[in-house]
Each structure stands twice: as structure tokens, then as C-alpha cells.
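With CSV, C-alpha atoms inside, this is run.csv:
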```csv
chain,number,residue,atom,x,y,z
A,164,MET,CA,113.8,-18.0,17.7
A,165,TYR,CA,111.1,-20.1,19.3
A,166,ALA,CA,109.3,-20.4,16.0
A,167,ASN,CA,112.5,-21.5,14.3
A,168,ASP,CA,113.2,-24.1,17.0
A,169,VAL,CA,109.7,-25.5,16.6
A,170,LYS,CA,110.1,-25.6,12.8
A,171,MET,CA,113.4,-27.3,13.0
A,172,SER,CA,112.1,-29.9,15.4
A,173,LEU,CA,109.2,-30.7,13.0
A,174,GLU,CA,111.6,-30.8,10.1
A,175,GLU,CA,113.8,-33.3,11.9
A,176,VAL,CA,110.8,-35.4,12.6
A,177,ILE,CA,109.8,-35.2,8.9
A,178,GLU,CA,113.2,-36.2,7.8
A,179,GLU,CA,113.3,-39.1,10.2
A,180,THR,CA,109.9,-40.2,9.0
A,181,ARG,CA,110.9,-40.1,5.4
A,182,ASP,CA,113.9,-42.3,6.3
A,183,PHE,CA,112.0,-45.1,8.0
A,184,LEU,CA,109.0,-45.0,5.5
A,185,SER,CA,111.4,-45.2,2.6
A,186,GLU,CA,113.2,-48.2,4.1
A,187,GLU,CA,110.2,-50.1,5.4
A,188,PHE,CA,108.0,-49.6,2.3
A,189,GLU,CA,110.9,-49.8,-0.2
A,190,VAL,CA,110.0,-46.5,-1.8
A,191,ASP,CA,112.4,-43.9,-3.2
A,192,ARG,CA,112.8,-41.3,-0.5
A,193,ASP,CA,112.6,-38.5,-3.0
A,194,LEU,CA,108.9,-39.5,-3.7
A,195,ILE,CA,108.0,-38.9,-0.1
A,196,LEU,CA,107.0,-35.3,-0.6
A,197,PRO,CA,104.4,-33.2,1.2
A,198,GLU,CA,102.2,-32.9,-1.9
A,199,ASN,CA,102.2,-36.6,-2.8
A,200,SER,CA,99.6,-39.1,-1.9
A,201,LEU,CA,100.4,-41.2,1.2
A,202,LYS,CA,98.4,-44.1,0.1
A,203,ASP,CA,99.5,-44.2,-3.5
A,204,THR,CA,103.1,-43.5,-2.9
A,205,LEU,CA,103.5,-46.2,-0.3
A,206,ASP,CA,101.1,-48.5,-2.1
A,207,LEU,CA,99.1,-49.0,1.1
A,208,ASP,CA,96.2,-51.4,1.4
A,209,SER,CA,94.2,-51.6,4.6
A,210,LEU,CA,96.5,-54.1,6.2
A,211,ASP,CA,99.6,-52.0,5.4
A,212,TYR,CA,98.1,-49.1,7.5
A,213,VAL,CA,98.7,-51.3,10.5
A,214,ASP,CA,102.4,-51.5,9.6
A,215,LEU,CA,102.4,-47.7,9.3
A,216,VAL,CA,100.8,-47.4,12.8
A,217,VAL,CA,103.4,-49.8,14.2
A,218,LEU,CA,106.3,-47.9,12.6
A,219,ILE,CA,105.0,-44.5,13.9
A,220,ASP,CA,104.6,-45.9,17.3
A,221,GLU,CA,108.1,-47.5,17.3
A,222,ASN,CA,109.9,-44.6,15.8
A,223,LEU,CA,108.0,-41.5,17.1
A,224,ASN,CA,106.2,-43.0,20.1
A,225,ILE,CA,102.8,-41.8,18.8
A,226,LYS,CA,99.8,-44.1,18.9
A,227,LEU,CA,97.5,-43.5,16.0
A,228,THR,CA,93.9,-44.7,15.6
A,229,GLY,CA,91.7,-45.2,12.5
A,230,GLU,CA,90.0,-42.0,13.3
A,231,ASP,CA,93.3,-40.1,13.0
A,232,PHE,CA,93.6,-41.1,9.3
A,233,LYS,CA,90.3,-39.5,8.3
A,234,GLY,CA,91.1,-36.7,6.0
A,235,ILE,CA,94.7,-37.7,5.6
A,236,GLU,CA,95.5,-37.7,1.9
A,237,THR,CA,99.0,-36.4,1.4
A,238,PHE,CA,102.3,-36.7,3.3
A,239,GLY,CA,101.7,-33.0,4.1
A,240,ASP,CA,98.5,-33.9,5.9
A,241,PHE,CA,100.3,-36.8,7.6
A,242,TYR,CA,103.1,-34.5,8.8
A,243,GLN,CA,100.5,-32.1,10.2
A,244,LEU,CA,98.9,-35.0,12.1
A,245,VAL,CA,102.3,-36.1,13.5
A,246,GLY,CA,103.2,-32.5,14.4
A,247,LYS,CA,99.9,-32.1,16.2
A,248,LYS,CA,100.3,-35.4,18.1
A,249,LEU,CA,103.8,-34.4,19.1
A,250,ALA,CA,102.6,-30.9,20.0
A,251,LEU,CA,105.2,-29.3,17.7
B,122,MET,CA,89.9,-72.3,32.2
B,123,ILE,CA,87.1,-70.2,30.9
B,124,VAL,CA,85.9,-72.3,27.9
B,125,ALA,CA,86.3,-76.0,27.9
B,126,GLN,CA,87.1,-77.9,24.7
B,127,ASP,CA,83.6,-79.4,24.3
B,128,ALA,CA,82.1,-75.9,24.2
B,129,ILE,CA,84.8,-74.2,22.1
B,130,THR,CA,82.7,-74.3,18.9
B,131,ASP,CA,80.2,-72.0,20.6
B,132,TYR,CA,82.9,-69.3,20.2
B,133,ILE,CA,84.5,-70.0,16.8
B,134,PRO,CA,83.0,-70.6,13.4
B,135,HIS,CA,85.3,-73.6,12.7
B,136,ARG,CA,84.0,-77.1,12.7
B,137,PRO,CA,85.5,-80.6,12.8
B,138,PRO,CA,87.8,-81.7,11.4
B,139,PHE,CA,89.2,-78.2,11.3
B,140,VAL,CA,89.0,-77.2,15.0
B,141,MET,CA,92.6,-76.5,16.0
B,142,VAL,CA,92.0,-75.1,19.5
B,143,GLY,CA,91.2,-77.0,22.7
B,144,ASN,CA,90.5,-75.2,26.0
B,145,LEU,CA,90.5,-71.4,26.2
B,146,VAL,CA,92.5,-70.9,29.4
B,147,SER,CA,92.1,-67.1,29.7
B,148,ALA,CA,91.2,-64.1,27.6
B,149,SER,CA,91.5,-60.4,28.3
B,150,ARG,CA,92.0,-57.5,25.9
B,151,GLU,CA,95.7,-57.7,26.7
B,152,ARG,CA,96.4,-61.5,26.6
B,153,PHE,CA,94.8,-64.7,25.3
B,154,GLU,CA,95.9,-68.2,26.4
B,155,SER,CA,94.7,-71.6,25.1
B,156,ASP,CA,95.8,-75.2,24.9
B,157,PHE,CA,95.4,-77.9,22.3
B,158,THR,CA,96.3,-81.6,22.3
B,159,VAL,CA,97.5,-83.0,19.0
B,160,THR,CA,95.7,-86.2,17.9
B,161,ASN,CA,96.7,-88.7,15.3
B,162,ASP,CA,93.6,-88.0,13.2
B,163,ASN,CA,94.3,-84.3,12.9
B,164,VAL,CA,94.3,-83.3,9.3
B,165,LEU,CA,97.4,-81.1,9.8
B,166,VAL,CA,99.5,-83.9,11.2
B,167,GLN,CA,102.1,-85.4,9.0
B,168,ASP,CA,104.6,-88.1,9.8
B,169,GLY,CA,103.5,-87.9,13.5
B,170,PHE,CA,104.0,-84.2,13.9
B,171,PHE,CA,101.6,-81.3,13.9
B,172,GLN,CA,102.8,-79.0,11.0
B,173,GLU,CA,103.7,-75.4,11.0
B,174,THR,CA,100.5,-74.5,9.2
B,175,GLY,CA,98.6,-76.2,12.0
B,176,LEU,CA,100.4,-74.2,14.6
B,177,ILE,CA,99.6,-70.9,12.8
B,178,GLU,CA,96.0,-72.0,12.4
B,179,HIS,CA,95.9,-72.9,16.1
B,180,ILE,CA,97.2,-69.4,17.0
B,181,ALA,CA,94.5,-67.8,14.7
B,182,GLN,CA,91.8,-69.9,16.3
B,183,THR,CA,93.0,-68.9,19.7
B,184,CYS,CA,92.4,-65.4,18.6
B,185,ALA,CA,88.9,-66.3,17.2
B,186,ALA,CA,87.9,-68.0,20.4
B,187,SER,CA,89.2,-65.2,22.6
B,188,PHE,CA,87.5,-62.4,20.5
B,189,GLY,CA,84.4,-64.5,20.5
B,190,TYR,CA,84.5,-64.9,24.3
B,191,LEU,CA,85.2,-61.2,24.9
B,192,ASP,CA,82.4,-60.2,22.5
B,193,ARG,CA,80.0,-62.4,24.3
B,194,GLU,CA,81.1,-61.1,27.7
B,195,GLU,CA,80.4,-57.6,26.5
B,196,ALA,CA,76.9,-58.5,25.5
B,197,GLY,CA,77.6,-58.8,21.8
B,198,GLN,CA,77.5,-61.6,19.3
B,199,PRO,CA,80.9,-63.2,18.3
B,200,LYS,CA,82.1,-61.7,15.1
B,201,ILE,CA,83.7,-63.5,12.2
B,202,GLY,CA,87.4,-62.9,11.6
B,203,PHE,CA,90.0,-64.0,9.2
B,204,ILE,CA,93.8,-64.0,8.9
B,205,GLY,CA,94.9,-61.0,6.8
B,206,ALA,CA,98.6,-61.6,7.0
B,207,VAL,CA,101.2,-63.8,8.6
B,208,SER,CA,104.7,-62.4,9.3
B,209,LYS,CA,107.8,-62.9,11.5
B,210,VAL,CA,107.3,-66.7,11.6
B,211,LEU,CA,110.0,-68.5,13.5
B,212,VAL,CA,109.6,-72.3,13.8
B,213,THR,CA,111.8,-74.0,16.4
B,214,GLU,CA,110.2,-77.4,16.8
B,215,LEU,CA,107.0,-79.3,15.8
B,216,PRO,CA,104.9,-81.0,18.4
B,217,PRO,CA,104.3,-84.7,18.1
B,218,VAL,CA,101.0,-86.5,18.3
B,219,GLY,CA,99.9,-86.7,21.9
B,220,GLY,CA,101.6,-83.4,22.8
B,221,THR,CA,99.6,-80.6,24.4
B,222,ILE,CA,100.5,-77.2,23.1
B,223,ARG,CA,100.1,-74.1,25.2
B,224,THR,CA,99.7,-70.9,23.3
B,225,VAL,CA,99.9,-67.2,24.4
B,226,VAL,CA,98.7,-64.4,22.1
B,227,THR,CA,99.3,-60.8,22.8
B,228,PRO,CA,97.4,-58.1,20.9
B,229,LEU,CA,100.0,-55.5,19.9
B,230,HIS,CA,98.0,-52.9,17.9
B,231,GLN,CA,94.5,-52.3,16.7
B,232,LEU,CA,93.6,-50.1,13.7
B,233,GLY,CA,89.8,-50.1,13.2
B,234,ASN,CA,88.8,-53.7,12.7
B,235,ILE,CA,92.3,-55.0,12.1
B,236,TYR,CA,94.3,-56.4,15.0
B,237,LEU,CA,98.1,-57.1,14.9
B,238,VAL,CA,98.8,-59.9,17.4
B,239,LYS,CA,101.9,-61.8,18.5
B,240,GLY,CA,101.4,-65.5,19.0
B,241,GLU,CA,103.7,-68.0,20.6
B,242,SER,CA,103.1,-71.8,21.1
B,243,PHE,CA,105.0,-73.9,23.6
B,244,LEU,CA,105.4,-77.5,24.5
B,245,ASP,CA,106.6,-78.4,27.9
B,246,GLY,CA,108.0,-74.8,28.2
B,247,ARG,CA,109.9,-74.9,25.0
B,248,ILE,CA,108.9,-72.5,22.2
B,249,LEU,CA,107.6,-74.2,19.1
B,250,LEU,CA,106.6,-71.3,16.9
B,251,GLY,CA,106.3,-67.6,17.1
B,252,CYS,CA,104.6,-65.3,14.6
B,253,GLU,CA,102.6,-62.1,14.1
B,254,LEU,CA,99.2,-62.2,12.6
B,255,LYS,CA,97.0,-59.5,11.2
B,256,ILE,CA,93.4,-60.5,12.1
B,257,VAL,CA,90.6,-58.8,10.3
B,258,VAL,CA,87.3,-58.9,12.3
B,259,SER,CA,84.1,-58.3,10.4
B,260,GLU,CA,82.2,-55.2,11.4
```
Turn the structure described in the file into C-alpha cells.
Amino acid sequence: MYANDVKMSLEEVIEETRDFLSEEFEVDRDLILPENSLKDTLDLDSLDYVDLVVLIDENLNIKLTGEDFKGIETFGDFYQLVGKKLAL
Amino acid sequence: MIVAQDAITDYIPHRPPFVMVGNLVSASRERFESDFTVTNDNVLVQDGFFQETGLIEHIAQTCAASFGYLDREEAGQPKIGFIGAVSKVLVTELPPVGGTIRTVVTPLHQLGNIYLVKGESFLDGRILLGCELKIVVSE
């Protein structure tokens, strides 16, 4: 039960994240999949990462740093980071 | 005032005729403030008014001077920076020759060597221009 609650909470966060990333970066929501590349899918350059940090702060109240992005390749990696930051 | 106009080039890489910041009024990691008096010989004055591009450059140079000041205060050498992106520009009014602009810049986010800042310039308390800049500072 507890595990399901945690999973649902993270799932909700992931769905919300897909919504605002899709809208902000004008990318098909269906391409925002755990196995896909965060950088390539959102077509991020180094300046765009600042927009991503702002979006995450505004929507999820998480403050990310440059260090946080080390090792983040896919949306799956990114969701793990978000989950960790939210202690989910 | 923490840096007077006649010493401002010690903190920024810009040189006349492209110095677009006057006195640095204050600078902390949370807030920068400067002023600048528009002169008739300014290269970004047109038809008696300082243009939008000048206001944006002025905001950027306020950042440059403030980062330069803070770097020096923290025992480092001022770093070179440049404008990476300009967004959310809202122009309300242009300042005339002879007007003294007051500008407040607030750093909003930092990611590595990239800073997202919000800048607003005022004349006699009226807002002239607001924008966000991404400033990339060399490492």
C-alpha cells in the first residue's frame, strides 16, 4: 500500500513533468519516454538547460544545480533525480 | 555608490564609445544597481532617445560591472561574460538625452557558469524596459 502510494506520487510527478516539458519545449508528449535522451528529445543546448532548471523550480519546487545533471542521459535518469530530490 | 563612473572600466571589458553603464550603486549576489546618464554623443541614441538595444546593453553591462566587482571583492580577477540570450523584453518608454536611468538587476537562477537575470530600467520612477538575460561567464 505504502509502496503503491509512493509509486503513484512519482507517476503523477512524471506525468506533470511530461506536460510542462512538452508545452515549453514544443515537443510531442509521446516522445518524452523514460528510455529517450533528455538532451536530444528536447533539443537542449547549454542555455536551454537554464530554462529546464527554471521550469523544474517553478513547477516542482526543486532547485537543480549543474552537478545534478552529471550522469543524466535519459528521461528515466531525470525522473530518478526528481524522485530523489522530492524524496519519493 | 561602490564604483564611480570614472573607474567603471576597471570592472568591465567595454571601452568608449561602447561603455553603457555609469556608476555602480550597489552589488550583492542577490541584487545589482547602477545608473547611467544618456548623452547626445552616445552611439545608441537615435532622434534624441536612447534605443531599446542600448537599454538592454546597459542592463548587460550592469551585470558585467557587478560580477566584476564581486569577483574582485572575493579576491579573484573579473571574468569575461557575454549575453547568451535575451527574453521577455517589455519596452514601455525610451529615455531622452540628458535622462539618468536607474537599473536594478536580480539574479534569478544559476546553472554552472550561466546566470539567468531579470533587469529593469527606470527613469524618474517610471519603468522603461524589463527583460531577462542569460549571461554566460567565462570559466
Contacts of chain A with chain B up to 12 Å, shortest pair per row, all atoms listed in the file, as JSON lines:
```
{"residue": "A:Asp208", "atom": "CA", "partner": "B:Gly205", "partner_atom": "CA", "distance": 11.1}
{"residue": "A:Ser209", "atom": "CA", "partner": "B:Ile235", "partner_atom": "CA", "distance": 8.5}
{"residue": "A:Leu210", "atom": "CA", "partner": "B:Gly205", "partner_atom": "CA", "distance": 7.1}
{"residue": "A:Asp211", "atom": "CA", "partner": "B:Ala206", "partner_atom": "CA", "distance": 9.8}
{"residue": "A:Tyr212", "atom": "CA", "partner": "B:Leu232", "partner_atom": "CA", "distance": 7.7}
{"residue": "A:Val213", "atom": "CA", "partner": "B:Leu232", "partner_atom": "CA", "distance": 6.1}
{"residue": "A:Asp214", "atom": "CA", "partner": "B:Leu237", "partner_atom": "CA", "distance": 8.8}
{"residue": "A:Leu215", "atom": "CA", "partner": "B:Leu232", "partner_atom": "CA", "distance": 10.1}
{"residue": "A:Val216", "atom": "CA", "partner": "B:Leu232", "partner_atom": "CA", "distance": 7.7}
{"residue": "A:Val217", "atom": "CA", "partner": "B:His230", "partner_atom": "CA", "distance": 7.2}
{"residue": "A:Leu218", "atom": "CA", "partner": "B:His230", "partner_atom": "CA", "distance": 11.0}
{"residue": "A:Ile219", "atom": "CA", "partner": "B:His230", "partner_atom": "CA", "distance": 11.6}
{"residue": "A:Asp220", "atom": "CA", "partner": "B:His230", "partner_atom": "CA", "distance": 9.6}
{"residue": "A:Glu221", "atom": "CA", "partner": "B:His230", "partner_atom": "CA", "distance": 11.5}
{"residue": "A:Lys226", "atom": "CA", "partner": "B:His230", "partner_atom": "CA", "distance": 9.0}
{"residue": "A:Leu227", "atom": "CA", "partner": "B:Leu232", "partner_atom": "CA", "distance": 8.0}
{"residue": "A:Thr228", "atom": "CA", "partner": "B:Leu232", "partner_atom": "CA", "distance": 5.7}
{"residue": "A:Gly229", "atom": "CA", "partner": "B:Gly233", "partner_atom": "CA", "distance": 5.3}
{"residue": "A:Glu230", "atom": "CA", "partner": "B:Gly233", "partner_atom": "CA", "distance": 8.1}
{"residue": "A:Asp231", "atom": "CA", "partner": "B:Leu232", "partner_atom": "CA", "distance": 10.0}
{"residue": "A:Phe232", "atom": "CA", "partner": "B:Leu232", "partner_atom": "CA", "distance": 10.0}
{"residue": "A:Lys233", "atom": "CA", "partner": "B:Gly233", "partner_atom": "CA", "distance": 11.7}
```
Using C-alpha atoms, can you export the residues from the last selection as a PDB file, in the frame of the given file?
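The resulting selection20.pdb:
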```pdb
ATOM      1  CA  ASP A 208      96.200 -51.400   1.400  1.00  0.00           C
ATOM      2  CA  SER A 209      94.200 -51.600   4.600  1.00  0.00           C
ATOM      3  CA  LEU A 210      96.500 -54.100   6.200  1.00  0.00           C
ATOM      4  CA  ASP A 211      99.600 -52.000   5.400  1.00  0.00           C
ATOM      5  CA  TYR A 212      98.100 -49.100   7.500  1.00  0.00           C
ATOM      6  CA  VAL A 213      98.700 -51.300  10.500  1.00  0.00           C
ATOM      7  CA  ASP A 214     102.400 -51.500   9.600  1.00  0.00           C
ATOM      8  CA  LEU A 215     102.400 -47.700   9.300  1.00  0.00           C
ATOM      9  CA  VAL A 216     100.800 -47.400  12.800  1.00  0.00           C
ATOM     10  CA  VAL A 217     103.400 -49.800  14.200  1.00  0.00           C
ATOM     11  CA  LEU A 218     106.300 -47.900  12.600  1.00  0.00           C
ATOM     12  CA  ILE A 219     105.000 -44.500  13.900  1.00  0.00           C
ATOM     13  CA  ASP A 220     104.600 -45.900  17.300  1.00  0.00           C
ATOM     14  CA  GLU A 221     108.100 -47.500  17.300  1.00  0.00           C
ATOM     15  CA  LYS A 226      99.800 -44.100  18.900  1.00  0.00           C
ATOM     16  CA  LEU A 227      97.500 -43.500  16.000  1.00  0.00           C
ATOM     17  CA  THR A 228      93.900 -44.700  15.600  1.00  0.00           C
ATOM     18  CA  GLY A 229      91.700 -45.200  12.500  1.00  0.00           C
ATOM     19  CA  GLU A 230      90.000 -42.000  13.300  1.00  0.00           C
ATOM     20  CA  ASP A 231      93.300 -40.100  13.000  1.00  0.00           C
ATOM     21  CA  PHE A 232      93.600 -41.100   9.300  1.00  0.00           C
ATOM     22  CA  LYS A 233      90.300 -39.500   8.300  1.00  0.00           C
TER      23      LYS A 233
END
```
* **Two-atom distance - CA of Leu249 (chain B), CA of Thr183 (chain B) (Å)** =>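 CA of Leu249 (chain B) sits 15.5 Å away from CA of Thr183 (chain B).
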* Can you pull out every residue within 8 Å of Ala185 (chain B), counting all atoms listed in the file, but drop anything in the same chain fewer than 3 positions away, and send it as a PyMOL selection string? => chain B and resi 132-133+181-182+188-189+201-202
* **Point-to-point distance from CA of Glu179 (chain A) to CA of Leu223 (chain A), Å rounded to tenths** =>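 CA of Leu223 (chain A) lies 9.0 Å from CA of Glu179 (chain A).
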* To do: Record the distance separating CA of Val142 (chain B) and CA of Ser242 (chain B), expressed in Å with one decimal.
  => 11.7 Å
* To do: Would you mind telling me which residue in A:Asp193, A:Asp206, A:Glu178, A:Glu198 lies nearest to Phe238 (chain A) when using all atoms listed in the file?
  => A:Glu198
